[in-house]
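Novice: Data: model-v2.cif, mmCIF, C-alpha atoms and all ligand atoms.
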```cif
data_protein
loop_
_atom_site.group_PDB
_atom_site.id
_atom_site.type_symbol
_atom_site.label_atom_id
_atom_site.label_comp_id
_atom_site.auth_asym_id
_atom_site.auth_seq_id
_atom_site.Cartn_x
_atom_site.Cartn_y
_atom_site.Cartn_z
ATOM 1 C CA MET A 1 -3.519 8.539 -21.514
ATOM 2 C CA THR A 2 -3.504 10.696 -18.376
ATOM 3 C CA ALA A 3 -1.405 9.079 -15.687
ATOM 4 C CA ALA A 4 -3.371 8.085 -12.598
ATOM 5 C CA LEU A 5 -0.613 9.421 -10.397
ATOM 6 C CA THR A 6 2.308 11.706 -11.191
ATOM 7 C CA LEU A 7 5.138 12.756 -8.895
ATOM 8 C CA ASN A 8 6.991 15.776 -10.249
ATOM 9 C CA ALA A 9 10.484 16.209 -8.783
ATOM 10 C CA VAL A 10 9.196 15.480 -5.274
ATOM 11 C CA SER A 11 11.518 15.849 -2.282
ATOM 12 C CA ARG A 12 10.905 15.635 1.430
ATOM 13 C CA HIS A 13 13.646 16.603 3.848
ATOM 14 C CA PHE A 14 13.739 15.968 7.601
ATOM 15 C CA GLY A 15 16.523 18.249 8.833
ATOM 16 C CA ASP A 16 19.600 17.129 6.891
ATOM 17 C CA THR A 17 17.999 13.835 5.827
ATOM 18 C CA LYS A 18 16.680 13.708 2.278
ATOM 19 C CA ALA A 19 14.061 11.023 2.915
ATOM 20 C CA VAL A 20 12.704 11.460 -0.643
ATOM 21 C CA ASP A 21 15.080 13.156 -3.033
ATOM 22 C CA ASN A 22 13.856 14.547 -6.358
ATOM 23 C CA VAL A 23 11.550 11.650 -7.281
ATOM 24 C CA SER A 24 9.590 11.790 -10.537
ATOM 25 C CA LEU A 25 7.204 8.943 -11.342
ATOM 26 C CA SER A 26 4.234 8.539 -13.620
ATOM 27 C CA ILE A 27 1.903 5.663 -12.786
ATOM 28 C CA GLN A 28 -0.746 4.645 -15.305
ATOM 29 C CA PRO A 29 -4.290 3.697 -14.223
ATOM 30 C CA GLY A 30 -4.565 0.050 -13.233
ATOM 31 C CA GLN A 31 -0.843 -0.577 -12.717
ATOM 32 C CA PHE A 32 0.402 -2.760 -9.865
ATOM 33 C CA VAL A 33 3.615 -1.069 -8.768
ATOM 34 C CA GLY A 34 6.007 -2.466 -6.168
ATOM 35 C CA VAL A 35 8.468 -0.171 -4.417
ATOM 36 C CA ILE A 36 11.491 -1.911 -2.963
ATOM 37 C CA GLY A 37 14.360 -0.561 -0.921
ATOM 38 C CA ARG A 38 16.259 -1.231 2.284
ATOM 39 C CA SER A 39 15.189 0.293 5.565
ATOM 40 C CA GLY A 40 15.423 4.081 5.378
ATOM 41 C CA ALA A 41 15.293 4.201 1.549
ATOM 42 C CA GLY A 42 12.287 6.527 1.648
ATOM 43 C CA LYS A 43 9.484 4.120 0.709
ATOM 44 C CA SER A 44 7.127 5.006 3.582
ATOM 45 C CA THR A 45 7.808 8.704 3.203
ATOM 46 C CA MET A 46 6.840 8.483 -0.463
ATOM 47 C CA LEU A 47 3.479 6.840 0.326
ATOM 48 C CA ARG A 48 2.833 9.323 3.135
ATOM 49 C CA LEU A 49 3.474 12.169 0.693
ATOM 50 C CA ILE A 50 1.009 10.678 -1.781
ATOM 51 C CA ASN A 51 -1.828 10.384 0.726
ATOM 52 C CA ARG A 52 -0.874 13.763 2.223
ATOM 53 C CA LEU A 53 -0.039 12.547 5.719
ATOM 54 C CA ILE A 54 2.985 14.794 5.129
ATOM 55 C CA ASP A 55 3.736 17.545 2.621
ATOM 56 C CA PRO A 56 6.663 17.712 0.202
ATOM 57 C CA THR A 57 9.543 20.114 0.769
ATOM 58 C CA GLU A 58 9.716 20.552 -3.010
ATOM 59 C CA GLY A 59 7.820 19.316 -6.051
ATOM 60 C CA SER A 60 4.190 18.376 -6.619
ATOM 61 C CA ILE A 61 1.963 15.315 -6.920
ATOM 62 C CA SER A 62 -1.090 15.050 -9.145
ATOM 63 C CA PHE A 63 -3.822 12.471 -9.572
ATOM 64 C CA ASP A 64 -5.946 12.398 -12.731
ATOM 65 C CA GLY A 65 -4.650 15.883 -13.508
ATOM 66 C CA THR A 66 -5.534 17.391 -10.083
ATOM 67 C CA ASP A 67 -2.664 18.786 -8.006
ATOM 68 C CA ILE A 68 -3.193 16.956 -4.736
ATOM 69 C CA THR A 69 -0.328 18.741 -2.955
ATOM 70 C CA SER A 70 -2.376 21.934 -2.756
ATOM 71 C CA LEU A 71 -5.651 20.378 -1.524
ATOM 72 C CA LYS A 72 -7.158 21.713 1.690
ATOM 73 C CA GLY A 73 -10.244 21.137 3.853
ATOM 74 C CA LYS A 74 -12.951 18.969 2.294
ATOM 75 C CA ALA A 75 -10.983 18.432 -0.920
ATOM 76 C CA LEU A 76 -8.092 17.025 1.142
ATOM 77 C CA ARG A 77 -10.445 14.784 3.146
ATOM 78 C CA ASP A 78 -11.963 13.550 -0.133
ATOM 79 C CA TRP A 79 -8.483 12.762 -1.457
ATOM 80 C CA ARG A 80 -7.640 10.743 1.676
ATOM 81 C CA ARG A 81 -10.835 8.749 1.099
ATOM 82 C CA ASP A 82 -9.965 8.223 -2.590
ATOM 83 C CA CYS A 83 -6.471 7.128 -1.671
ATOM 84 C CA ALA A 84 -6.815 4.171 0.702
ATOM 85 C CA MET A 85 -3.796 3.100 2.705
ATOM 86 C CA ILE A 86 -2.984 -0.122 4.484
ATOM 87 C CA PHE A 87 -0.130 -0.429 6.951
ATOM 88 C CA GLN A 88 2.245 -3.089 8.235
ATOM 89 C CA GLN A 89 0.607 -2.932 11.674
ATOM 90 C CA PHE A 90 -3.016 -3.105 10.367
ATOM 91 C CA ASN A 91 -4.234 -0.181 12.554
ATOM 92 C CA LEU A 92 -7.511 -1.835 13.582
ATOM 93 C CA VAL A 93 -9.334 -0.988 16.806
ATOM 94 C CA ASP A 94 -8.731 -4.193 18.786
ATOM 95 C CA ARG A 95 -11.722 -3.855 21.118
ATOM 96 C CA LEU A 96 -14.240 -3.352 18.302
ATOM 97 C CA ASP A 97 -15.647 -6.196 16.230
ATOM 98 C CA VAL A 98 -14.451 -6.869 12.709
ATOM 99 C CA LEU A 99 -17.601 -5.515 11.020
ATOM 100 C CA THR A 100 -17.405 -2.198 12.898
ATOM 101 C CA ASN A 101 -13.723 -1.884 11.996
ATOM 102 C CA VAL A 102 -14.593 -2.336 8.325
ATOM 103 C CA LEU A 103 -17.479 0.144 8.564
ATOM 104 C CA MET A 104 -15.051 2.744 9.868
ATOM 105 C CA GLY A 105 -13.815 2.913 6.280
ATOM 106 C CA ARG A 106 -17.154 4.620 5.515
ATOM 107 C CA LEU A 107 -16.686 7.425 8.057
ATOM 108 C CA ALA A 108 -15.039 9.755 5.544
ATOM 109 C CA ASP A 109 -18.454 10.022 3.846
ATOM 110 C CA HIS A 110 -20.272 10.830 7.109
ATOM 111 C CA GLY A 111 -20.911 14.150 8.800
ATOM 112 C CA PHE A 112 -19.471 14.862 12.253
ATOM 113 C CA VAL A 113 -22.539 13.788 14.295
ATOM 114 C CA SER A 114 -23.125 10.597 12.363
ATOM 115 C CA SER A 115 -19.396 9.771 12.651
ATOM 116 C CA MET A 116 -19.424 10.265 16.415
ATOM 117 C CA ALA A 117 -22.520 8.092 16.759
ATOM 118 C CA MET A 118 -21.066 5.496 14.341
ATOM 119 C CA ARG A 119 -24.414 5.188 12.593
ATOM 120 C CA PHE A 120 -24.255 3.134 9.407
ATOM 121 C CA SER A 121 -26.915 2.384 6.818
ATOM 122 C CA ASP A 122 -28.035 -1.105 5.768
ATOM 123 C CA ALA A 123 -26.381 -0.497 2.398
ATOM 124 C CA GLU A 124 -23.085 0.249 4.154
ATOM 125 C CA ARG A 125 -23.379 -2.907 6.277
ATOM 126 C CA THR A 126 -24.023 -4.944 3.140
ATOM 127 C CA LEU A 127 -20.995 -3.367 1.458
ATOM 128 C CA ALA A 128 -18.842 -4.201 4.498
ATOM 129 C CA ILE A 129 -20.032 -7.829 4.617
ATOM 130 C CA GLN A 130 -19.364 -8.168 0.875
ATOM 131 C CA ALA A 131 -15.841 -6.811 1.333
ATOM 132 C CA LEU A 132 -15.228 -9.227 4.214
ATOM 133 C CA ASP A 133 -16.654 -12.112 2.206
ATOM 134 C CA ARG A 134 -14.317 -11.333 -0.658
ATOM 135 C CA LEU A 135 -11.409 -11.674 1.755
ATOM 136 C CA ASP A 136 -12.850 -14.878 3.319
ATOM 137 C CA MET A 137 -13.380 -12.995 6.567
ATOM 138 C CA ALA A 138 -17.211 -12.787 6.705
ATOM 139 C CA PRO A 139 -17.468 -15.625 9.286
ATOM 140 C CA LYS A 140 -15.371 -13.480 11.668
ATOM 141 C CA ALA A 141 -17.558 -10.364 11.269
ATOM 142 C CA LEU A 142 -18.728 -10.300 14.897
ATOM 143 C CA GLN A 143 -15.432 -11.304 16.500
ATOM 144 C CA ARG A 144 -13.289 -8.695 18.255
ATOM 145 C CA ALA A 145 -10.489 -7.573 15.911
ATOM 146 C CA GLY A 146 -7.857 -7.987 18.645
ATOM 147 C CA THR A 147 -8.501 -11.746 18.773
ATOM 148 C CA LEU A 148 -7.559 -12.327 15.110
ATOM 149 C CA SER A 149 -4.202 -13.476 13.738
ATOM 150 C CA GLY A 150 -2.005 -10.920 11.977
ATOM 151 C CA GLY A 151 -2.923 -12.224 8.529
ATOM 152 C CA GLN A 152 -6.637 -12.070 9.367
ATOM 153 C CA GLN A 153 -6.258 -8.521 10.707
ATOM 154 C CA GLN A 154 -4.534 -7.422 7.519
ATOM 155 C CA ARG A 155 -7.387 -8.859 5.443
ATOM 156 C CA VAL A 156 -9.858 -6.914 7.599
ATOM 157 C CA ALA A 157 -7.755 -3.785 7.025
ATOM 158 C CA ILE A 158 -7.985 -4.388 3.269
ATOM 159 C CA ALA A 159 -11.779 -4.791 3.552
ATOM 160 C CA ARG A 160 -11.905 -1.472 5.462
ATOM 161 C CA ALA A 161 -9.883 0.144 2.673
ATOM 162 C CA LEU A 162 -12.219 -1.328 0.026
ATOM 163 C CA VAL A 163 -15.408 0.103 1.561
ATOM 164 C CA GLN A 164 -13.858 3.573 1.206
ATOM 165 C CA LYS A 165 -14.412 2.933 -2.540
ATOM 166 C CA PRO A 166 -10.927 4.284 -3.217
ATOM 167 C CA ARG A 167 -9.481 5.271 -6.582
ATOM 168 C CA ILE A 168 -5.992 4.124 -5.645
ATOM 169 C CA MET A 169 -4.700 1.700 -3.020
ATOM 170 C CA LEU A 170 -1.431 2.312 -1.175
ATOM 171 C CA ALA A 171 0.108 -0.406 0.988
ATOM 172 C CA ASP A 172 3.107 0.212 3.241
ATOM 173 C CA GLU A 173 4.905 -3.103 3.821
ATOM 174 C CA PRO A 174 1.567 -4.928 4.235
ATOM 175 C CA ILE A 175 3.174 -8.364 4.597
ATOM 176 C CA ALA A 176 6.292 -7.497 6.597
ATOM 177 C CA SER A 177 4.969 -9.018 9.823
ATOM 178 C CA LEU A 178 3.128 -11.993 8.303
ATOM 179 C CA ASP A 179 4.061 -15.655 7.855
ATOM 180 C CA PRO A 180 4.446 -16.900 4.244
ATOM 181 C CA GLY A 181 0.910 -18.319 3.949
ATOM 182 C CA ASN A 182 -0.758 -15.150 5.179
ATOM 183 C CA ALA A 183 1.628 -12.988 3.161
ATOM 184 C CA THR A 184 0.507 -14.854 0.041
ATOM 185 C CA ARG A 185 -3.178 -14.393 0.890
ATOM 186 C CA VAL A 186 -2.715 -10.672 1.396
ATOM 187 C CA MET A 187 -0.760 -10.262 -1.855
ATOM 188 C CA GLU A 188 -3.409 -12.308 -3.696
ATOM 189 C CA ALA A 189 -6.100 -10.007 -2.274
ATOM 190 C CA LEU A 190 -4.217 -6.956 -3.542
ATOM 191 C CA ARG A 191 -3.768 -8.633 -6.911
ATOM 192 C CA SER A 192 -7.508 -9.318 -7.130
ATOM 193 C CA ILE A 193 -8.313 -5.690 -6.263
ATOM 194 C CA ASN A 194 -5.917 -4.607 -8.999
ATOM 195 C CA LYS A 195 -6.932 -7.059 -11.716
ATOM 196 C CA ASP A 196 -10.658 -7.481 -11.014
ATOM 197 C CA ASP A 197 -11.500 -3.917 -9.946
ATOM 198 C CA GLY A 198 -8.860 -2.215 -12.091
ATOM 199 C CA LEU A 199 -7.618 -0.246 -9.086
ATOM 200 C CA THR A 200 -4.103 1.198 -9.216
ATOM 201 C CA VAL A 201 -2.016 -0.391 -6.445
ATOM 202 C CA LEU A 202 1.261 0.956 -5.071
ATOM 203 C CA VAL A 203 2.867 -1.348 -2.513
ATOM 204 C CA ASN A 204 6.101 -1.063 -0.525
ATOM 205 C CA LEU A 205 7.863 -4.393 -0.213
ATOM 206 C CA HIS A 206 11.170 -5.522 1.177
ATOM 207 C CA THR A 207 11.674 -8.742 -0.770
ATOM 208 C CA LEU A 208 12.327 -9.361 -4.414
ATOM 209 C CA ASP A 209 10.412 -12.600 -4.821
ATOM 210 C CA THR A 210 7.155 -10.918 -3.861
ATOM 211 C CA ALA A 211 7.752 -7.856 -6.010
ATOM 212 C CA ARG A 212 8.705 -9.996 -8.988
ATOM 213 C CA ALA A 213 5.763 -12.371 -8.566
ATOM 214 C CA TYR A 214 3.037 -9.751 -8.224
ATOM 215 C CA CYS A 215 4.063 -6.391 -9.648
ATOM 216 C CA ASP A 216 3.758 -5.154 -13.250
ATOM 217 C CA ARG A 217 6.414 -2.629 -12.472
ATOM 218 C CA ILE A 218 9.091 -2.348 -9.807
ATOM 219 C CA VAL A 219 10.619 0.868 -8.517
ATOM 220 C CA ALA A 220 13.817 0.452 -6.491
ATOM 221 C CA MET A 221 14.762 3.255 -4.092
ATOM 222 C CA ARG A 222 17.985 4.061 -2.284
ATOM 223 C CA PHE A 223 18.816 7.153 -0.202
ATOM 224 C CA GLY A 224 15.456 8.654 -1.208
ATOM 225 C CA ARG A 225 16.162 8.333 -4.939
ATOM 226 C CA VAL A 226 14.726 6.084 -7.627
ATOM 227 C CA MET A 227 17.585 3.851 -8.772
ATOM 228 C CA PHE A 228 15.560 1.529 -11.033
ATOM 229 C CA ASP A 229 12.137 1.686 -12.645
ATOM 230 C CA GLY A 230 11.114 -1.199 -14.873
ATOM 231 C CA THR A 231 9.631 -4.679 -15.103
ATOM 232 C CA ALA A 232 10.401 -7.679 -12.932
ATOM 233 C CA ALA A 233 12.270 -9.305 -15.824
ATOM 234 C CA GLN A 234 14.501 -6.236 -16.135
ATOM 235 C CA LEU A 235 15.308 -6.265 -12.433
ATOM 236 C CA THR A 236 17.832 -9.086 -12.596
ATOM 237 C CA ASP A 237 20.015 -10.048 -9.642
ATOM 238 C CA ASP A 238 22.926 -8.283 -11.357
ATOM 239 C CA VAL A 239 20.949 -5.024 -11.466
ATOM 240 C CA VAL A 240 20.010 -5.413 -7.788
ATOM 241 C CA ARG A 241 23.654 -6.110 -6.902
ATOM 242 C CA ASP A 242 24.726 -2.988 -8.811
ATOM 243 C CA ILE A 243 22.264 -0.871 -6.821
ATOM 244 C CA TYR A 244 22.498 -2.404 -3.361
ATOM 245 C CA GLY A 245 25.682 -4.544 -3.382
ATOM 246 C CA SER A 246 25.904 -8.271 -2.547
ATOM 247 C CA ASP A 247 24.593 -7.755 1.004
ATOM 248 C CA GLY A 248 21.565 -5.943 -0.367
ATOM 249 C CA LEU A 249 20.893 -8.705 -2.860
ATOM 250 C CA ALA A 250 21.036 -11.337 -0.111
ATOM 251 C CA GLU A 251 18.677 -9.259 2.053
ATOM 252 C CA PHE A 252 16.147 -8.815 -0.766
ATOM 253 C CA ASN A 253 16.265 -12.474 -1.746
ATOM 254 C CA GLU A 254 14.829 -13.661 1.556
ATOM 255 C CA ALA A 255 11.566 -15.403 0.604
ATOM 256 C CA VAL A 256 8.431 -14.005 2.219
ATOM 257 C CA THR A 257 5.443 -15.056 0.145
ATOM 258 C CA SER A 258 5.076 -18.756 -0.585
ATOM 259 C CA THR A 259 5.720 -18.256 -4.265
ATOM 260 C CA SER A 260 8.873 -18.888 -6.196
ATOM 261 C CA PHE A 261 9.330 -16.546 -9.087
ATOM 262 C CA LYS A 262 9.530 -17.908 -12.598
ATOM 263 C CA PRO A 263 9.295 -15.313 -15.361
ATOM 264 C CA GLY A 264 5.755 -15.249 -16.723
ATOM 265 C CA ALA A 265 4.486 -17.717 -14.138
ATOM 266 C CA HIS A 266 1.692 -17.088 -11.658
ATOM 267 C CA PRO A 267 2.246 -17.671 -7.963
ATOM 268 C CA ALA A 268 1.052 -20.825 -6.252
ATOM 269 C CA PRO A 269 -2.624 -20.911 -5.206
ATOM 270 C CA ILE A 270 -3.474 -19.618 -1.766
ATOM 271 C CA PRO A 271 -3.295 -22.406 0.829
ATOM 272 C CA ALA A 272 -6.700 -23.216 2.341
HETATM 273 N N1 LIG A 301 9.144 12.037 10.773
HETATM 274 C C1 LIG A 301 10.453 11.893 10.511
HETATM 275 N N2 LIG A 301 11.368 12.649 11.152
HETATM 276 C C2 LIG A 301 12.684 12.534 10.912
HETATM 277 N N3 LIG A 301 13.199 11.667 10.005
HETATM 278 C C3 LIG A 301 12.353 10.880 9.345
HETATM 279 C C4 LIG A 301 10.934 10.951 9.546
HETATM 280 N N4 LIG A 301 10.326 10.051 8.739
HETATM 281 C C5 LIG A 301 11.319 9.430 8.051
HETATM 282 N N5 LIG A 301 12.534 9.940 8.415
HETATM 283 C C6 LIG A 301 13.835 9.526 7.868
HETATM 284 O O1 LIG A 301 13.728 9.501 6.469
HETATM 285 C C7 LIG A 301 14.418 8.388 5.922
HETATM 286 C C8 LIG A 301 13.474 7.536 5.098
HETATM 287 O O2 LIG A 301 12.552 6.894 5.988
HETATM 288 P P1 LIG A 301 11.359 5.971 5.474
HETATM 289 O O3 LIG A 301 10.598 5.511 6.676
HETATM 290 O O4 LIG A 301 10.627 6.663 4.412
HETATM 291 O O5 LIG A 301 12.157 4.754 4.828
HETATM 292 P P2 LIG A 301 11.619 3.324 4.422
HETATM 293 O O6 LIG A 301 12.283 2.967 3.139
HETATM 294 O O7 LIG A 301 10.147 3.286 4.449
HETATM 295 O O8 LIG A 301 12.224 2.420 5.566
HETATM 296 P P3 LIG A 301 11.477 1.307 6.476
HETATM 297 O O9 LIG A 301 11.302 0.149 5.586
HETATM 298 O O10 LIG A 301 12.474 1.069 7.583
HETATM 299 O O11 LIG A 301 10.219 1.955 6.954
HETATM 300 C C9 LIG A 301 15.051 7.665 7.092
HETATM 301 O O12 LIG A 301 16.380 8.116 7.254
HETATM 302 C C10 LIG A 301 14.194 8.102 8.265
HETATM 303 O O13 LIG A 301 14.926 8.074 9.471
#
```
Spell out the structure here as structure tokens.

Specialist:
Amino acid sequence: MTAALTLNAVSRHFGDTKAVDNVSLSIQPGQFVGVIGRSGAGKSTMLRLINRLIDPTEGSISFDGTDITSLKGKALRDWRRDCAMIFQQFNLVDRLDVLTNVLMGRLADHGFVSSMAMRFSDAERTLAIQALDRLDMAPKALQRAGTLSGGQQQRVAIARALVQKPRIMLADEPIASLDPGNATRVMEALRSINKDDGLTVLVNLHTLDTARAYCDRIVAMRFGRVMFDGTAAQLTDDVVRDIYGSDGLAEFNEAVTSTSFKPGAHPAPIPA
């Protein structure tokens, strides 16, 4: 099977800092992959390389057999649409209403004039409402985004990503600034996008419980390198201690989502 996403010996240097150092990964279609690592491990840089916000110093990245590191112009814009990204800080336009924020996910398919005028078709509005409804955010469609809680804003950001009709979803610490209940809702939304839509999901996380509870596969980074690549069951506390030391283990074991990991078990239902 062709891998959905392949990183071939990818490095990105910033001066003397090797933010990503010779990383090779092959991610199959439909996988839910969690990337863990302490601050500065290179997680964000890796996602930014994949969606081409930055370019590698060395190596290449391909998706479905296409080298995405060499894309330019329209092909690059198309790739950024295919590769949706959600961020820790949501990146919504506070003064615009929720529906308009979601519709902005459609702009990549619009020409310049139509983008400037923010003209959207009825079909696009329906798509946006459906995406909001799926995230239990339809009742807030006409509210200004800046008035929502962090968890609600992140769900709107996921709806915006969904209307892009992406082929892969990247999430850079999407729950790092959320309380446990909202963190669980956001992770459940990503799980549903992965399981129900079959979309490949690559998510940066900073806690083990969340990675173990949700991810088919966990990649642990340190100093820009991949130190572990396997299943949650293989990533025992002893392995984490070997990679990050006892301090690192304690840091990763801080609970964020309101789930407690039991091998093979599903997380608790989302609180109402
Ligand atoms: N634009 C940049 N210019 C200079 N150095 C950078 C830049 N972006 C990242 N770095 C450095 O690269 C290294 C990896 O950073 P990165 O943000 O990828 O780590 P991270 O694992 O995502 O950490 P965090 O969880 O804190 O975001 C760090 O040492 C960081 O300071």

Novice: Output the neighbourhood of ligand LIG 301 (chain A) as number ranges by chain, that is, all protein and nucleic acid residues with some atom at most 6 Å from the ligand, counting all atoms listed in the file.

Specialist: A: 14, 19, 37-45

Novice: Which residues are close to Gln143 (chain A), i.e. within 8 Å by only C-alpha atoms, leaving aside same-chain residues fewer than 3 positions away? Reply as a list in words.

Specialist: Asp97, Val98, Lys140 and Thr147 of chain A

Novice: Can you work out which one of A:Leu107, A:Ala171, A:Val10, A:Val102 has the shortest atom-to-atom distance to Ala145 (chain A), counting only C-alpha atoms?

Specialist: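 Closest candidate: A:Val102.
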
Novice: Identify, on the basis of all atoms listed in the file, every residue whose closest approach to region 29-31 of chain A does not exceed 7 Å; exclude the query and any residue fewer than 3 positions from it along the same chain; express the result as number ranges by chain.

Specialist: A: 3-4, 194, 198-201, 216

Novice: Name all residues at most 10 Å from region 70-77 of chain A (count only C-alpha atoms; drop same-chain ones fewer than 5 positions away) and give them as a PyMOL selection string.

Specialist: chain A and resi 51-52+55+60-62+82-83+108-109

Novice: If you keep C-alpha atoms, can you produce a file of those selected residues as a PDB file, in the frame of the given file?

Specialist:
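Below is the file that was written, selection_36.pdb:
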```
ATOM      1  CA  ASN A  51      -1.828  10.384   0.726  1.00  0.00           C
ATOM      2  CA  ARG A  52      -0.874  13.763   2.223  1.00  0.00           C
ATOM      3  CA  ASP A  55       3.736  17.545   2.621  1.00  0.00           C
ATOM      4  CA  SER A  60       4.190  18.376  -6.619  1.00  0.00           C
ATOM      5  CA  ILE A  61       1.963  15.315  -6.920  1.00  0.00           C
ATOM      6  CA  SER A  62      -1.090  15.050  -9.145  1.00  0.00           C
ATOM      7  CA  ASP A  82      -9.965   8.223  -2.590  1.00  0.00           C
ATOM      8  CA  CYS A  83      -6.471   7.128  -1.671  1.00  0.00           C
ATOM      9  CA  ALA A 108     -15.039   9.755   5.544  1.00  0.00           C
ATOM     10  CA  ASP A 109     -18.454  10.022   3.846  1.00  0.00           C
TER      11      ASP A 109
END
```

Novice: Just to confirm, what's the straight-line distance from CA of Glu124 (chain A) to CA of Val163 (chain A) in Å (one decimal)?

Specialist: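 Separation of CA of Glu124 (chain A) and CA of Val163 (chain A): 8.1 Å.
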
Novice: At a cut-off of 10 Å, using only C-alpha atoms, what residues contact Arg106 (chain A)? Leave out same-chain residues fewer than 4 positions from it and give the result as a PDB file with C-alpha atoms, keeping the file's coordinate frame.

Specialist:
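As a result, part.pdb now contains:
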```
ATOM      1  CA  ARG A  81     -10.835   8.749   1.099  1.00  0.00           C
ATOM      2  CA  ASN A 101     -13.723  -1.884  11.996  1.00  0.00           C
ATOM      3  CA  VAL A 102     -14.593  -2.336   8.325  1.00  0.00           C
ATOM      4  CA  HIS A 110     -20.272  10.830   7.109  1.00  0.00           C
ATOM      5  CA  SER A 115     -19.396   9.771  12.651  1.00  0.00           C
ATOM      6  CA  MET A 118     -21.066   5.496  14.341  1.00  0.00           C
ATOM      7  CA  PHE A 120     -24.255   3.134   9.407  1.00  0.00           C
ATOM      8  CA  GLU A 124     -23.085   0.249   4.154  1.00  0.00           C
ATOM      9  CA  ARG A 125     -23.379  -2.907   6.277  1.00  0.00           C
ATOM     10  CA  LEU A 127     -20.995  -3.367   1.458  1.00  0.00           C
ATOM     11  CA  ALA A 128     -18.842  -4.201   4.498  1.00  0.00           C
ATOM     12  CA  ARG A 160     -11.905  -1.472   5.462  1.00  0.00           C
ATOM     13  CA  ALA A 161      -9.883   0.144   2.673  1.00  0.00           C
ATOM     14  CA  LEU A 162     -12.219  -1.328   0.026  1.00  0.00           C
ATOM     15  CA  VAL A 163     -15.408   0.103   1.561  1.00  0.00           C
ATOM     16  CA  GLN A 164     -13.858   3.573   1.206  1.00  0.00           C
ATOM     17  CA  LYS A 165     -14.412   2.933  -2.540  1.00  0.00           C
TER      18      LYS A 165
END
```

Novice: For region 115-130 of chain A of the block above, can you save N, CA and C atoms as a short mmCIF file (atom, residue, chain, number, x, y, z; two decimals), in the first residue's frame?

Specialist:
```cif
data_model
loop_
_atom_site.label_atom_id
_atom_site.label_comp_id
_atom_site.auth_asym_id
_atom_site.auth_seq_id
_atom_site.Cartn_x
_atom_site.Cartn_y
_atom_site.Cartn_z
N SER A 115 -12.62 35.74 -3.22
CA SER A 115 -12.04 35.67 -1.87
C SER A 115 -12.14 37.01 -1.18
N MET A 116 -11.78 38.09 -1.90
CA MET A 116 -11.80 39.42 -1.30
C MET A 116 -13.22 39.79 -0.90
N ALA A 117 -14.19 39.41 -1.72
CA ALA A 117 -15.58 39.77 -1.44
C ALA A 117 -16.22 38.81 -0.44
N MET A 118 -15.52 37.72 -0.11
CA MET A 118 -16.03 36.68 0.78
C MET A 118 -17.43 36.23 0.36
N ARG A 119 -17.54 35.92 -0.94
CA ARG A 119 -18.82 35.42 -1.45
C ARG A 119 -18.82 33.90 -1.36
N PHE A 120 -19.87 33.35 -0.75
CA PHE A 120 -19.94 31.90 -0.61
C PHE A 120 -21.27 31.40 -1.16
N SER A 121 -21.24 30.20 -1.73
CA SER A 121 -22.46 29.64 -2.31
C SER A 121 -23.34 29.02 -1.21
N ASP A 122 -24.60 28.74 -1.57
CA ASP A 122 -25.49 28.07 -0.62
C ASP A 122 -24.93 26.71 -0.23
N ALA A 123 -24.35 26.02 -1.22
CA ALA A 123 -23.78 24.69 -0.93
C ALA A 123 -22.66 24.80 0.10
N GLU A 124 -21.86 25.86 -0.02
CA GLU A 124 -20.76 26.05 0.94
C GLU A 124 -21.31 26.38 2.34
N ARG A 125 -22.38 27.18 2.38
CA ARG A 125 -22.98 27.50 3.69
C ARG A 125 -23.55 26.24 4.33
N THR A 126 -24.17 25.39 3.51
CA THR A 126 -24.71 24.14 4.04
C THR A 126 -23.59 23.27 4.59
N LEU A 127 -22.50 23.19 3.83
CA LEU A 127 -21.34 22.39 4.25
C LEU A 127 -20.81 22.91 5.60
N ALA A 128 -20.75 24.23 5.72
CA ALA A 128 -20.21 24.84 6.96
C ALA A 128 -21.13 24.55 8.14
N ILE A 129 -22.44 24.66 7.92
CA ILE A 129 -23.40 24.38 9.01
C ILE A 129 -23.30 22.91 9.41
N GLN A 130 -23.17 22.02 8.41
CA GLN A 130 -23.05 20.60 8.72
C GLN A 130 -21.79 20.33 9.56
#
```
